[in-house]
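Shown below: upload11.cif, with mmCIF, C-alpha atoms.
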data_query
#
loop_
_atom_site.group_PDB
_atom_site.id
_atom_site.type_symbol
_atom_site.label_atom_id
_atom_site.label_comp_id
_atom_site.auth_asym_id
_atom_site.auth_seq_id
_atom_site.Cartn_x
_atom_site.Cartn_y
_atom_site.Cartn_z
ATOM 1 C CA MET A 4 -143.157 -122.791 66.386
ATOM 2 C CA GLN A 5 -139.857 -122.864 68.119
ATOM 3 C CA ASP A 6 -137.836 -125.984 68.028
ATOM 4 C CA ILE A 7 -137.442 -127.665 71.370
ATOM 5 C CA LYS A 8 -133.782 -127.956 72.177
ATOM 6 C CA GLU A 9 -132.690 -131.181 73.644
ATOM 7 C CA LEU A 10 -130.328 -130.683 76.533
ATOM 8 C CA THR A 11 -127.067 -132.426 76.676
ATOM 9 C CA LEU A 12 -126.508 -134.804 79.537
ATOM 10 C CA GLU A 13 -124.239 -132.283 81.290
ATOM 11 C CA ASP A 14 -126.805 -129.433 80.959
ATOM 12 C CA ALA A 15 -129.611 -131.706 82.153
ATOM 13 C CA VAL A 16 -127.613 -132.628 85.266
ATOM 14 C CA LYS A 17 -126.895 -128.937 85.993
ATOM 15 C CA LYS A 18 -130.526 -127.966 85.485
ATOM 16 C CA ARG A 19 -131.736 -130.824 87.671
ATOM 17 C CA ALA A 20 -129.307 -129.802 90.449
ATOM 18 C CA HIS A 21 -130.506 -126.185 90.188
ATOM 19 C CA ILE A 22 -134.172 -127.251 90.415
ATOM 20 C CA GLU A 23 -133.445 -129.445 93.446
ATOM 21 C CA GLU A 24 -131.614 -126.560 95.131
ATOM 22 C CA LEU A 25 -134.554 -124.205 94.504
ATOM 23 C CA ASP A 26 -136.969 -126.842 95.779
ATOM 24 C CA SER A 27 -134.877 -127.253 98.934
ATOM 25 C CA CYS A 28 -134.755 -123.467 99.493
ATOM 26 C CA ILE A 29 -138.532 -123.149 99.087
ATOM 27 C CA ARG A 30 -139.156 -126.022 101.504
ATOM 28 C CA HIS A 31 -136.780 -124.502 104.076
ATOM 29 C CA TRP A 32 -138.535 -121.138 103.745
ATOM 30 C CA LEU A 33 -141.988 -122.687 104.205
ATOM 31 C CA CYS A 34 -140.780 -124.661 107.241
ATOM 32 C CA TYR A 35 -139.299 -121.475 108.708
ATOM 33 C CA CYS A 36 -142.593 -119.595 108.193
ATOM 34 C CA MET A 37 -144.562 -122.423 109.786
ATOM 35 C CA ARG A 38 -142.256 -122.590 112.824
ATOM 36 C CA LYS A 39 -142.472 -118.831 113.252
ATOM 37 C CA LEU A 40 -146.283 -118.930 113.077
ATOM 38 C CA GLN A 41 -146.426 -121.803 115.556
ATOM 39 C CA LYS A 42 -144.143 -119.980 118.000
ATOM 40 C CA MET A 43 -146.285 -116.860 117.759
ATOM 41 C CA CYS A 44 -149.499 -118.819 118.357
ATOM 42 C CA LEU A 45 -147.981 -120.745 121.259
ATOM 43 C CA LYS A 46 -146.792 -117.530 122.881
ATOM 44 C CA MET A 47 -150.270 -116.046 122.557
ATOM 45 C CA GLN A 48 -151.850 -119.133 124.093
ATOM 46 C CA LYS A 49 -149.205 -119.561 126.799
ATOM 47 C CA SER A 50 -149.327 -116.154 128.400
ATOM 48 C CA GLN A 51 -152.568 -114.284 128.879
ATOM 49 C CA MET A 52 -150.723 -111.306 130.268
ATOM 50 C CA SER A 53 -148.778 -110.684 127.058
ATOM 51 C CA ASP A 54 -151.561 -111.606 124.616
ATOM 52 C CA LEU A 55 -152.113 -108.528 122.439
ATOM 53 C CA TRP A 56 -155.843 -109.101 122.094
ATOM 54 C CA ASN A 57 -156.249 -109.578 125.832
ATOM 55 C CA ILE A 58 -154.307 -106.377 126.440
ATOM 56 C CA TYR A 59 -156.529 -104.519 123.972
ATOM 57 C CA SER A 60 -159.744 -105.908 125.442
ATOM 58 C CA THR A 61 -158.616 -105.092 128.985
ATOM 59 C CA GLN A 62 -157.915 -101.521 127.939
ATOM 60 C CA LEU A 63 -161.421 -101.320 126.485
ATOM 61 C CA ALA A 64 -162.869 -102.807 129.664
ATOM 62 C CA GLY A 65 -160.886 -100.427 131.878
ATOM 63 C CA ILE A 66 -158.749 -103.136 133.493
ATOM 64 C CA THR A 67 -155.172 -102.102 134.238
ATOM 65 C CA LYS A 68 -152.095 -104.257 134.687
ATOM 66 C CA PRO A 69 -151.149 -105.074 138.271
ATOM 67 C CA PRO A 70 -148.582 -102.717 139.800
ATOM 68 C CA LYS A 71 -144.960 -103.782 139.858
ATOM 69 C CA ALA A 72 -144.114 -106.077 142.742
ATOM 70 C CA HIS A 73 -142.654 -104.199 145.710
ATOM 71 C CA GLN A 74 -139.511 -105.260 147.490
ATOM 72 C CA ASP A 75 -139.670 -105.687 151.246
ATOM 73 C CA TYR A 76 -138.426 -102.196 152.132
ATOM 74 C CA GLN A 77 -140.791 -100.625 149.570
ATOM 75 C CA LYS A 78 -143.754 -102.434 151.127
ATOM 76 C CA TRP A 79 -142.621 -101.225 154.552
ATOM 77 C CA MET A 80 -142.217 -97.685 153.196
ATOM 78 C CA THR A 81 -145.786 -97.569 151.800
ATOM 79 C CA ASP A 82 -147.398 -98.762 155.022
ATOM 80 C CA ASP A 83 -149.573 -96.048 156.602
ATOM 81 C CA ASN A 84 -147.997 -96.493 160.034
ATOM 82 C CA ASN A 85 -144.505 -95.710 158.728
ATOM 83 C CA THR A 86 -145.123 -92.719 156.440
ATOM 84 C CA LYS A 87 -144.938 -90.062 159.193
ATOM 85 C CA ILE A 88 -141.731 -91.503 160.641
ATOM 86 C CA LEU A 89 -140.176 -91.682 157.189
ATOM 87 C CA ALA A 90 -141.262 -88.148 156.302
ATOM 88 C CA LEU A 91 -139.573 -86.796 159.450
ATOM 89 C CA ALA A 92 -136.380 -88.793 158.828
ATOM 90 C CA VAL A 93 -136.200 -87.707 155.181
ATOM 91 C CA ASP A 94 -136.770 -84.036 156.115
ATOM 92 C CA GLU A 95 -134.030 -84.246 158.726
ATOM 93 C CA ARG A 96 -131.592 -85.797 156.230
ATOM 94 C CA TRP A 97 -132.570 -83.202 153.618
ATOM 95 C CA GLN A 98 -131.783 -80.372 156.039
ATOM 96 C CA GLU A 99 -128.358 -81.913 156.667
ATOM 97 C CA LYS A 100 -127.739 -82.021 152.910
ATOM 98 C CA VAL A 101 -128.845 -78.389 152.542
ATOM 99 C CA LEU A 102 -126.329 -77.319 155.181
ATOM 100 C CA SER A 103 -123.565 -79.256 153.442
ATOM 101 C CA ARG A 104 -124.633 -77.787 150.051
ATOM 102 C CA ALA A 105 -125.219 -81.247 148.578
ATOM 103 C CA THR A 106 -128.772 -80.583 147.411
ATOM 104 C CA GLY A 107 -127.986 -79.928 143.769
ATOM 105 C CA LYS A 108 -129.746 -83.150 142.828
ATOM 106 C CA PRO A 109 -133.383 -84.236 143.385
ATOM 107 C CA ASN A 110 -134.105 -85.723 146.800
ATOM 108 C CA GLY A 111 -135.519 -89.008 145.463
ATOM 109 C CA LYS A 112 -132.280 -90.811 146.113
ATOM 110 C CA ILE A 113 -132.038 -89.370 149.612
ATOM 111 C CA ARG A 114 -135.500 -90.700 150.419
ATOM 112 C CA MET A 115 -134.664 -94.235 149.257
ATOM 113 C CA VAL A 116 -131.327 -94.208 151.101
ATOM 114 C CA VAL A 117 -133.080 -93.182 154.328
ATOM 115 C CA VAL A 118 -135.771 -95.834 153.844
ATOM 116 C CA GLN A 119 -133.212 -98.575 153.241
ATOM 117 C CA GLU A 120 -131.118 -97.519 156.241
ATOM 118 C CA LEU A 121 -134.143 -97.486 158.558
ATOM 119 C CA PHE A 122 -135.346 -100.809 157.182
ATOM 120 C CA GLN A 123 -131.953 -102.429 157.832
ATOM 121 C CA VAL A 124 -132.198 -101.343 161.490
ATOM 122 C CA LEU A 125 -135.371 -103.423 161.940
ATOM 123 C CA PRO A 126 -135.020 -106.885 163.523
ATOM 124 C CA GLU A 127 -134.487 -109.812 161.126
ATOM 125 C CA ASP A 128 -137.858 -111.448 161.835
ATOM 126 C CA GLU A 129 -139.729 -108.203 161.148
ATOM 127 C CA ARG A 130 -137.871 -107.764 157.846
ATOM 128 C CA GLU A 131 -138.857 -111.332 156.919
ATOM 129 C CA GLU A 132 -142.501 -110.479 157.675
ATOM 130 C CA TRP A 133 -142.354 -107.502 155.319
ATOM 131 C CA LEU A 134 -140.777 -109.669 152.633
ATOM 132 C CA VAL A 135 -143.606 -112.201 152.973
ATOM 133 C CA LYS A 136 -146.195 -109.391 152.858
ATOM 134 C CA ALA A 137 -144.623 -107.973 149.704
ATOM 135 C CA LYS A 138 -144.670 -111.380 147.994
ATOM 136 C CA GLU A 139 -148.264 -112.040 149.060
ATOM 137 C CA THR A 140 -149.394 -108.657 147.756
ATOM 138 C CA ALA A 141 -147.666 -109.221 144.419
ATOM 139 C CA ALA A 142 -149.181 -112.703 144.074
ATOM 140 C CA TYR A 143 -152.640 -111.379 144.984
ATOM 141 C CA ASN A 144 -152.418 -108.535 142.441
ATOM 142 C CA LYS A 145 -151.282 -110.930 139.723
ATOM 143 C CA LYS A 146 -154.063 -113.404 140.534
ATOM 144 C CA GLU A 147 -156.727 -110.680 140.522
ATOM 145 C CA TYR A 148 -155.523 -109.425 137.147
ATOM 146 C CA SER A 149 -155.537 -112.960 135.766
ATOM 147 C CA ASN A 150 -159.082 -113.510 137.069
ATOM 148 C CA LEU A 151 -160.236 -110.298 135.405
ATOM 149 C CA LEU A 152 -158.722 -111.473 132.116
ATOM 150 C CA LYS A 153 -160.486 -114.820 132.421
ATOM 151 C CA ALA A 154 -163.757 -113.071 133.213
ATOM 152 C CA LEU A 155 -163.571 -111.328 129.848
ATOM 153 C CA MET A 156 -163.773 -114.717 128.129
ATOM 154 C CA ASN A 157 -166.495 -116.044 130.413
ATOM 155 C CA LEU A 158 -168.893 -118.326 128.553
ATOM 156 C CA GLU A 159 -171.845 -116.844 130.445
ATOM 157 C CA THR A 160 -171.576 -113.661 128.406
ATOM 158 C CA PRO A 161 -172.674 -113.516 124.744
ATOM 159 C CA ALA A 162 -169.258 -112.192 123.713
ATOM 160 C CA GLY A 163 -167.487 -115.081 125.430
ATOM 161 C CA ARG A 164 -169.781 -117.654 123.818
ATOM 162 C CA LYS A 165 -169.205 -116.109 120.378
ATOM 163 C CA HIS A 166 -165.421 -116.162 120.889
ATOM 164 C CA LYS A 167 -165.526 -119.809 122.006
ATOM 165 C CA THR A 168 -167.671 -120.765 118.976
ATOM 166 C CA CYS A 169 -165.308 -118.979 116.610
ATOM 167 C CA ASN A 170 -162.281 -120.746 118.094
ATOM 168 C CA SER A 171 -163.936 -124.170 117.842
ATOM 169 C CA LYS A 172 -164.819 -123.506 114.177
ATOM 170 C CA CYS A 173 -161.205 -122.486 113.499
ATOM 171 C CA ASN A 174 -160.007 -125.730 115.120
ATOM 172 C CA GLN A 175 -162.425 -127.851 113.086
ATOM 173 C CA THR A 176 -161.320 -126.178 109.855
ATOM 174 C CA GLN A 177 -157.666 -126.758 110.666
ATOM 175 C CA ASN A 178 -158.317 -130.404 111.553
ATOM 176 C CA MET A 179 -160.075 -130.978 108.228
ATOM 177 C CA LYS A 180 -157.213 -129.372 106.314
ATOM 178 C CA ALA A 181 -154.598 -131.354 108.202
ATOM 179 C CA GLY A 182 -156.592 -134.574 107.846
ATOM 180 C CA SER A 183 -156.207 -135.445 111.498
ATOM 181 C CA SER A 184 -158.637 -135.701 114.371
ATOM 182 C CA LYS A 185 -156.394 -133.783 116.778
ATOM 183 C CA SER A 186 -154.541 -130.547 116.295
ATOM 184 C CA SER A 187 -151.686 -129.453 118.498
ATOM 185 C CA LEU A 188 -151.971 -125.825 117.504
ATOM 186 C CA ALA A 189 -155.116 -123.745 117.114
ATOM 187 C CA PRO A 190 -154.918 -120.706 114.840
ATOM 188 C CA PRO A 191 -155.702 -117.325 116.326
ATOM 189 C CA CYS A 192 -159.320 -116.292 116.037
ATOM 190 C CA SER A 193 -160.013 -113.968 113.119
ATOM 191 C CA ASP A 194 -163.303 -112.627 114.467
ATOM 192 C CA TYR A 195 -162.575 -110.018 117.148
ATOM 193 C CA SER A 196 -165.993 -108.402 117.298
ATOM 194 C CA PHE A 197 -166.284 -109.637 120.904
ATOM 195 C CA LEU A 198 -163.727 -106.971 121.862
ATOM 196 C CA VAL A 199 -166.153 -104.141 121.205
ATOM 197 C CA VAL A 200 -167.653 -103.023 124.494
#
Structure rendered as structure tokens:
Amino acid sequence: MQDIKELTLEDAVKKRAHIEELDSCIRHWLCYCMRKLQKMCLKMQKSQMSDLWNIYSTQLAGITKPPKAHQDYQKWMTDDNNTKILALAVDERWQEKVLSRATGKPNGKIRMVVVQELFQVLPEDEREEWLVKAKETAAYNKKEYSNLLKALMNLETPAGRKHKTCNSKCNQTQNMKAGSSKSSLAPPCSDYSFLVV
């Protein structure tokens, strides 16, 4: 058997300081991991539109993200009543550019320049109407997409009930581990069989 060396007072103090430093580092690392996990879970709960599992389930269900919100002149440009007028104006401008030999680039920019110029000629109140229409359309598209996401987790469907049950079990388990009756943060569900369509 090896003899146990007794440390001198100086060595014992150094060793104790080293152990306390390691203990502090480990605690800081665990706190960092916990904060990171909490942030990730909060982000997933906070925004349905960026939740990875919701995105995956919507792809399986055939639901697509809402289109990007149009600005006022873009909404005016896509209106059926204005497409013929815009097509004529863009063709006319394109012919001018051909004559001046400035058509080396694609005509996408020419189209948008023409649209913006024609839109600026409209009266102020009409431009405000198109701005309101653009905002209403964007809000409607976003709301419809959000409703479709919520419908995926509807408790009337067997998949929605199973997901809800799994989440409540996860919450109960976490509460028992934490020793508290309330939990501020629910862990993400580990059973994703409800995603299969």
List the spatial neighbours of stretch 109-124 of chain A as a ChimeraX atom specification - criterion: any atom at most 7 Å away, only C-alpha atoms, same-chain residues fewer than 6 positions off excluded.
/A:76,80,89,93
All file atoms of stretch 33-44 of chain A boxed axis-aligned, 4 Å per side, centre plus edges, as AutoDock Vina command-line options:
--center_x -144.4 --center_y -120.8 --center_z 111.3 --size_x 18.2 --size_y 15.8 --size_z 22.2
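Our summary of the geometry notes that atom CA of A:Glu131 is positioned 8.0 Å from atom CA of A:Asp75.
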What is the atom CA of A:Ala92 to atom CA of A:Ala72 distance in Å?
24.8 Å
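Our summary of the geometry notes that atom CA of A:His73 is positioned 5.8 Å from atom CA of A:Ala137.
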